[in-house]
Structures are given as C-alpha cells and as structure tokens.
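Below is my_file12.cif, which holds mmCIF, C-alpha atoms.
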data_upload
#
loop_
_atom_site.group_PDB
_atom_site.id
_atom_site.type_symbol
_atom_site.label_atom_id
_atom_site.label_comp_id
_atom_site.auth_asym_id
_atom_site.auth_seq_id
_atom_site.Cartn_x
_atom_site.Cartn_y
_atom_site.Cartn_z
ATOM 1 C CA MET A 505 37.504 124.486 3.301
ATOM 2 C CA ARG A 506 35.912 121.347 4.700
ATOM 3 C CA PRO A 507 36.793 120.350 8.315
ATOM 4 C CA SER A 508 39.012 117.313 8.790
ATOM 5 C CA TYR A 509 37.639 114.016 10.061
ATOM 6 C CA ARG A 510 39.287 114.617 13.449
ATOM 7 C CA GLU A 511 37.673 118.062 13.727
ATOM 8 C CA CYS A 512 34.264 116.569 12.883
ATOM 9 C CA VAL A 513 34.652 113.870 15.535
ATOM 10 C CA LYS A 514 35.645 116.471 18.143
ATOM 11 C CA SER A 515 32.691 118.647 17.181
ATOM 12 C CA ARG A 516 30.239 115.730 17.451
ATOM 13 C CA ALA A 517 31.628 114.701 20.850
ATOM 14 C CA ALA A 518 31.345 118.294 22.071
ATOM 15 C CA ALA A 519 27.707 118.429 20.928
ATOM 16 C CA TYR A 520 26.987 115.167 22.775
ATOM 17 C CA ASP A 521 28.583 116.454 25.985
ATOM 18 C CA ALA A 522 27.082 119.957 25.776
ATOM 19 C CA ASP A 523 23.406 119.052 25.252
ATOM 20 C CA PHE A 524 22.470 115.390 25.213
ATOM 21 C CA PHE A 525 18.830 115.983 24.253
ATOM 22 C CA ALA A 526 19.824 118.175 21.304
ATOM 23 C CA TRP A 527 22.353 115.513 20.275
ATOM 24 C CA THR A 528 19.657 112.795 20.309
ATOM 25 C CA GLN A 529 17.304 114.909 18.200
ATOM 26 C CA ARG A 530 20.004 115.810 15.680
ATOM 27 C CA THR A 531 21.230 112.209 15.484
ATOM 28 C CA ALA A 532 17.693 110.913 14.893
ATOM 29 C CA ALA A 533 17.147 113.524 12.169
ATOM 30 C CA LEU A 534 20.443 112.599 10.493
ATOM 31 C CA LEU A 535 19.561 108.911 10.573
ATOM 32 C CA ARG A 536 16.104 109.541 9.106
ATOM 33 C CA ALA A 537 17.657 111.686 6.377
ATOM 34 C CA ARG A 538 20.155 108.863 5.725
ATOM 35 C CA ARG A 539 23.057 111.258 6.305
ATOM 36 C CA PHE A 540 25.047 108.509 7.966
ATOM 37 C CA ASP A 541 28.444 110.124 7.392
ATOM 38 C CA GLU A 542 27.394 112.948 9.740
ATOM 39 C CA VAL A 543 26.300 110.644 12.577
ATOM 40 C CA ASP A 544 28.573 110.189 15.581
ATOM 41 C CA VAL A 545 28.523 106.414 15.191
ATOM 42 C CA GLU A 546 30.499 105.578 18.345
ATOM 43 C CA GLU A 547 28.284 107.698 20.594
ATOM 44 C CA ALA A 548 25.118 106.394 18.905
ATOM 45 C CA ALA A 549 26.253 102.779 19.324
ATOM 46 C CA GLN A 550 27.142 103.435 22.968
ATOM 47 C CA GLU A 551 23.720 104.964 23.632
ATOM 48 C CA ILE A 552 21.939 102.013 22.038
ATOM 49 C CA GLU A 553 23.902 99.596 24.239
ATOM 50 C CA ASP A 554 23.181 101.741 27.283
ATOM 51 C CA MET A 555 19.436 101.647 26.560
ATOM 52 C CA GLY A 556 19.534 97.849 26.749
ATOM 53 C CA ARG A 557 21.461 97.944 30.005
ATOM 54 C CA ARG A 558 18.940 100.427 31.432
ATOM 55 C CA ASP A 559 16.138 97.937 30.778
ATOM 56 C CA VAL A 560 18.067 95.219 32.618
ATOM 57 C CA ARG A 561 18.834 97.563 35.530
ATOM 58 C CA GLU A 562 15.193 98.616 35.746
ATOM 59 C CA LEU A 563 14.030 95.003 35.669
ATOM 60 C CA ASN A 564 16.467 94.024 38.427
ATOM 61 C CA GLY A 565 15.494 97.010 40.565
ATOM 62 C CA ARG A 566 11.803 96.264 40.305
ATOM 63 C CA LEU A 567 12.396 92.565 40.926
ATOM 64 C CA ARG A 568 14.267 93.416 44.131
ATOM 65 C CA VAL A 569 11.334 95.508 45.358
ATOM 66 C CA VAL A 570 8.971 92.599 44.693
ATOM 67 C CA LEU A 571 11.303 90.220 46.528
ATOM 68 C CA VAL A 572 11.515 92.550 49.532
ATOM 69 C CA GLN A 573 7.732 92.736 49.776
ATOM 70 C CA LEU A 574 7.325 88.962 49.367
ATOM 71 C CA LEU A 575 9.907 88.311 52.077
ATOM 72 C CA LYS A 576 8.262 90.730 54.485
ATOM 73 C CA TRP A 577 4.852 89.194 53.694
ATOM 74 C CA LYS A 578 6.228 85.721 54.373
ATOM 75 C CA LEU A 579 8.071 86.549 57.602
ATOM 76 C CA GLN A 580 5.966 89.310 59.137
ATOM 77 C CA THR A 581 2.496 87.810 59.021
ATOM 78 C CA LYS A 582 1.133 90.129 61.715
ATOM 79 C CA LYS A 583 2.316 93.249 59.911
ATOM 80 C CA ARG A 584 0.837 92.436 56.493
ATOM 81 C CA ASN A 585 -0.963 95.397 54.976
ATOM 82 C CA ARG A 586 -2.516 96.734 51.809
ATOM 83 C CA SER A 587 0.447 98.994 51.167
ATOM 84 C CA TRP A 588 2.660 95.941 50.653
ATOM 85 C CA GLN A 589 0.074 94.479 48.276
ATOM 86 C CA THR A 590 -0.152 97.779 46.403
ATOM 87 C CA THR A 591 3.625 97.871 46.026
ATOM 88 C CA LEU A 592 3.606 94.306 44.709
ATOM 89 C CA LEU A 593 0.852 95.090 42.224
ATOM 90 C CA THR A 594 2.561 98.253 41.014
ATOM 91 C CA GLN A 595 6.005 96.701 40.622
ATOM 92 C CA ARG A 596 4.696 93.553 38.938
ATOM 93 C CA SER A 597 2.673 95.667 36.511
ATOM 94 C CA LYS A 598 5.758 97.721 35.666
ATOM 95 C CA ILE A 599 7.745 94.495 35.185
ATOM 96 C CA ASP A 600 5.001 93.223 32.844
ATOM 97 C CA ASP A 601 5.233 96.445 30.836
ATOM 98 C CA LEU A 602 8.999 96.183 30.625
ATOM 99 C CA LEU A 603 8.889 92.532 29.552
ATOM 100 C CA ARG A 604 6.268 93.333 26.934
ATOM 101 C CA ASP A 605 8.474 96.102 25.505
ATOM 102 C CA SER A 606 11.734 94.134 25.796
ATOM 103 C CA PRO A 607 10.879 90.425 26.044
ATOM 104 C CA SER A 608 14.476 89.273 25.627
ATOM 105 C CA VAL A 609 15.503 90.727 29.009
ATOM 106 C CA GLN A 610 13.452 87.977 30.664
ATOM 107 C CA ALA A 611 16.272 85.575 29.791
ATOM 108 C CA LYS A 612 18.470 87.466 32.293
ATOM 109 C CA LEU A 613 16.137 86.759 35.232
ATOM 110 C CA PRO A 614 17.338 83.259 36.198
ATOM 111 C CA ASP A 615 21.009 84.263 36.206
ATOM 112 C CA ASP A 616 20.375 87.514 38.080
ATOM 113 C CA LEU A 617 17.975 86.055 40.673
ATOM 114 C CA PRO A 618 20.608 85.029 43.273
ATOM 115 C CA LYS A 619 22.206 88.493 43.203
ATOM 116 C CA ASN A 620 18.818 90.206 43.324
ATOM 117 C CA TYR A 621 17.702 87.976 46.177
ATOM 118 C CA GLY A 622 20.839 88.822 48.171
ATOM 119 C CA HIS A 623 20.158 92.540 47.770
ATOM 120 C CA ALA A 624 16.504 92.030 48.670
ATOM 121 C CA VAL A 625 17.390 90.188 51.878
ATOM 122 C CA LYS A 626 19.604 93.071 53.001
ATOM 123 C CA ARG A 627 16.866 95.589 52.319
ATOM 124 C CA ALA A 628 14.113 93.442 53.849
ATOM 125 C CA ALA A 629 16.230 92.977 56.977
ATOM 126 C CA LEU A 630 16.740 96.709 57.248
ATOM 127 C CA GLU A 631 13.062 97.531 56.647
ATOM 128 C CA SER A 632 11.717 94.818 58.928
ATOM 129 C CA GLY A 633 14.245 95.040 61.731
ATOM 130 C CA LEU A 634 14.862 91.296 61.414
ATOM 131 C CA ARG A 635 18.367 89.878 61.211
ATOM 132 C CA ALA A 636 19.405 88.774 57.722
ATOM 133 C CA ASP A 637 19.945 85.207 58.957
ATOM 134 C CA LYS A 638 16.202 84.979 59.689
ATOM 135 C CA PHE A 639 15.569 84.963 55.929
ATOM 136 C CA PRO A 640 16.009 81.857 53.771
ATOM 137 C CA SER A 641 19.548 81.593 52.405
ATOM 138 C CA ARG A 642 18.169 80.887 48.923
ATOM 139 C CA CYS A 643 15.220 82.483 47.216
ATOM 140 C CA PRO A 644 12.130 80.571 48.354
ATOM 141 C CA PHE A 645 10.070 81.764 45.382
ATOM 142 C CA THR A 646 10.102 80.654 41.770
ATOM 143 C CA LEU A 647 10.322 83.251 39.029
ATOM 144 C CA GLU A 648 6.761 82.356 38.089
ATOM 145 C CA GLN A 649 5.602 83.151 41.627
ATOM 146 C CA ILE A 650 7.609 86.360 41.760
ATOM 147 C CA LEU A 651 6.034 87.611 38.536
ATOM 148 C CA ASP A 652 2.517 86.290 39.223
ATOM 149 C CA GLN A 653 0.203 89.241 39.905
ATOM 150 C CA ASP A 654 -1.826 87.204 42.394
ATOM 151 C CA PHE A 655 0.864 85.272 44.252
ATOM 152 C CA LEU A 656 1.371 85.933 47.949
ATOM 153 C CA PRO A 657 3.344 83.513 50.130
ATOM 154 C CA ALA A 658 1.449 81.714 52.855
#
Show me the file's structure as structure tokens.
Amino acid sequence: MRPSYRECVKSRAAAYDADFFAWTQRTAALLRARRFDEVDVEEAAQEIEDMGRRDVRELNGRLRVVLVQLLKWKLQTKKRNRSWQTTLLTQRSKIDDLLRDSPSVQAKLPDDLPKNYGHAVKRAALESGLRADKFPSRCPFTLEQILDQDFLPA
C-alpha cells in the first residue's frame, strides 16, 4: 500500500531534519531525474530563499569589516599598518567575488549602508578605544570608495 500524502510530507521533513547534507543530495538527484512529486517543495523553496539571504548577510558582514578598517585608517593616522591594508584587500576581494557570483545583491548596498555604518562605528570604537561620538555621524565614504581596491582615506 502506498503511503498517504501526509506520511510522505512527514517522512521528507524528518529526512531534512535528520541529515541536511543527505537531504540536499537526494533533493538534487530527484530534481535532475525530474521526479518532482517526490521533492519536498516547501523545504527546497525555503533553502533557495535562505541561500539568497546568506549572500546578503555575507555582503553586509564583509562591508562592515571594510568600514571598520576605513574608519580606523581615517581616525588613527599614527596607528596605520599593513595589517589593516591586508584586511581591506582581503575583504574587498571577497566582496568582488560575491558580487560577481550574485550581482543583484549590489542593489541592497545603498539601503543597507546606514545600518552597516552604525554597526561599524560601534566596532571601530571598541577596537580603537575611541568614543563613538568621535566618528562621523554619517558614513563619510561613498559606496564606490568603500568597494575600490585602492581607496584609503586621507
């Protein structure tokens, strides 16, 4: 006797919860075999949405690191060092890779910049020992400057 729809859904959800990697491999195989009726569509759709959100989270996290380093470079001229430059180069390169793989996430940058800048100021204040009110209240860098591999504030 064939299992009911409800039993199939429960079984698919259990497989997803028990071993995510195995679930991804099985789901990919089912999709390639065009056995769509066996795919846990809700979980697959959720995972696809989550992948997009992960790209945005990664972009924002890397952007914050760049902003922290730019702020420290701008405000701590006597403490500038190659490590800060290396961090900037690394994070900007990773941002370039991400934008190359998912170019549409770049459209989120202008809207997310104020929030990212606020987080960066808190972290830069903590790392530098400077009070947060010593930093500009608004981001002093354009997105082009932030993403420019060679830009360093004067």
Check your understanding: Pick the closest to Glu551 (chain A) from A:Pro640, A:Asn620, A:Trp527, A:Asn564: which is it, counting only C-alpha atoms?
Key ->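 Closest to Glu551 (chain A) of all the choices is A:Trp527.
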Exercise for review: Show me as a list in words the residues that reach within 12 Å of (4.6, 90.9, 32.4), counting only C-alpha atoms and using the file's own coordinates.
Suggested key: Leu563, Arg566, Leu567, Leu593, Thr594, Gln595, Arg596, Ser597, Lys598, Ile599, Asp600, Asp601, Leu602, Leu603, Arg604, Asp605, Ser606, Pro607, Val609, Gln610, Leu647, Glu648, Ile650, Leu651, Asp652 and Gln653 of chain A
Review point. Can you list what the PyMOL selection byres ((chain A and resi 632) around 12) grabs from this structure, as a list in words?
Key: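 Output of the PyMOL selection byres ((chain A and resi 632) around 12): Val572, Gln573, Leu575, Lys576, Trp577, Lys578, Leu579, Gln580, Thr581, Lys582, Lys583, Arg584, Ala624, Val625, Lys626, Arg627, Ala628, Ala629, Leu630, Glu631, Gly633, Leu634, Arg635, Ala636, Lys638 and Phe639 of chain A.
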So that all listed atoms of region 593-608 of chain A fit with 8 Å spare on each side, what axis-aligned box centre and edge lengths in Å, to one decimal, would you give as AutoDock Vina command-line options?
--center_x 7.7 --center_y 93.8 --center_z 33.9 --size_x 29.6 --size_y 25.0 --size_z 32.7
Exercise for review: Return the single residue from A:Lys612, A:Arg642, A:His623, A:Phe655 that is closest to Gly565 (chain A), with distances computed using only C-alpha atoms.
Suggested key: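 Checking each candidate against Gly565 (chain A), we get A:His623 as the closest.
With distances restricted to all atoms listed in the file, A:Arg568 is the closest residue to Gly622 (chain A) from A:Phe645, A:Arg568, A:Phe524, A:Arg530.
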Revision key, fill the gap. Computed gap from CA of Phe525 (chain A) to CA of Val543 (chain A) is 14.9 Å
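Note that the spacing between CA of Tyr621 (chain A) and CA of Leu571 (chain A) amounts to 6.8 Å.
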Review point. How far is it from CA of Ala549 (chain A) to CA of Asp615 (chain A), in Å with one decimal?
Key: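 One can read the CA of Ala549 (chain A) to CA of Asp615 (chain A) distance as 25.6 Å.
Minimum atom-to-atom distances from A:Ala537, A:Thr528, A:Leu656, A:Val560 to Ser608 (chain A) were compared using only C-alpha atoms, and the lowest value belongs to A:Val560.
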**Study point:** Minimum-distance residue to Asp654 (chain A), chosen among A:Ala548, A:Ala532, A:Leu574, A:Arg558 (using only C-alpha atoms)
**Key:** A:Leu574
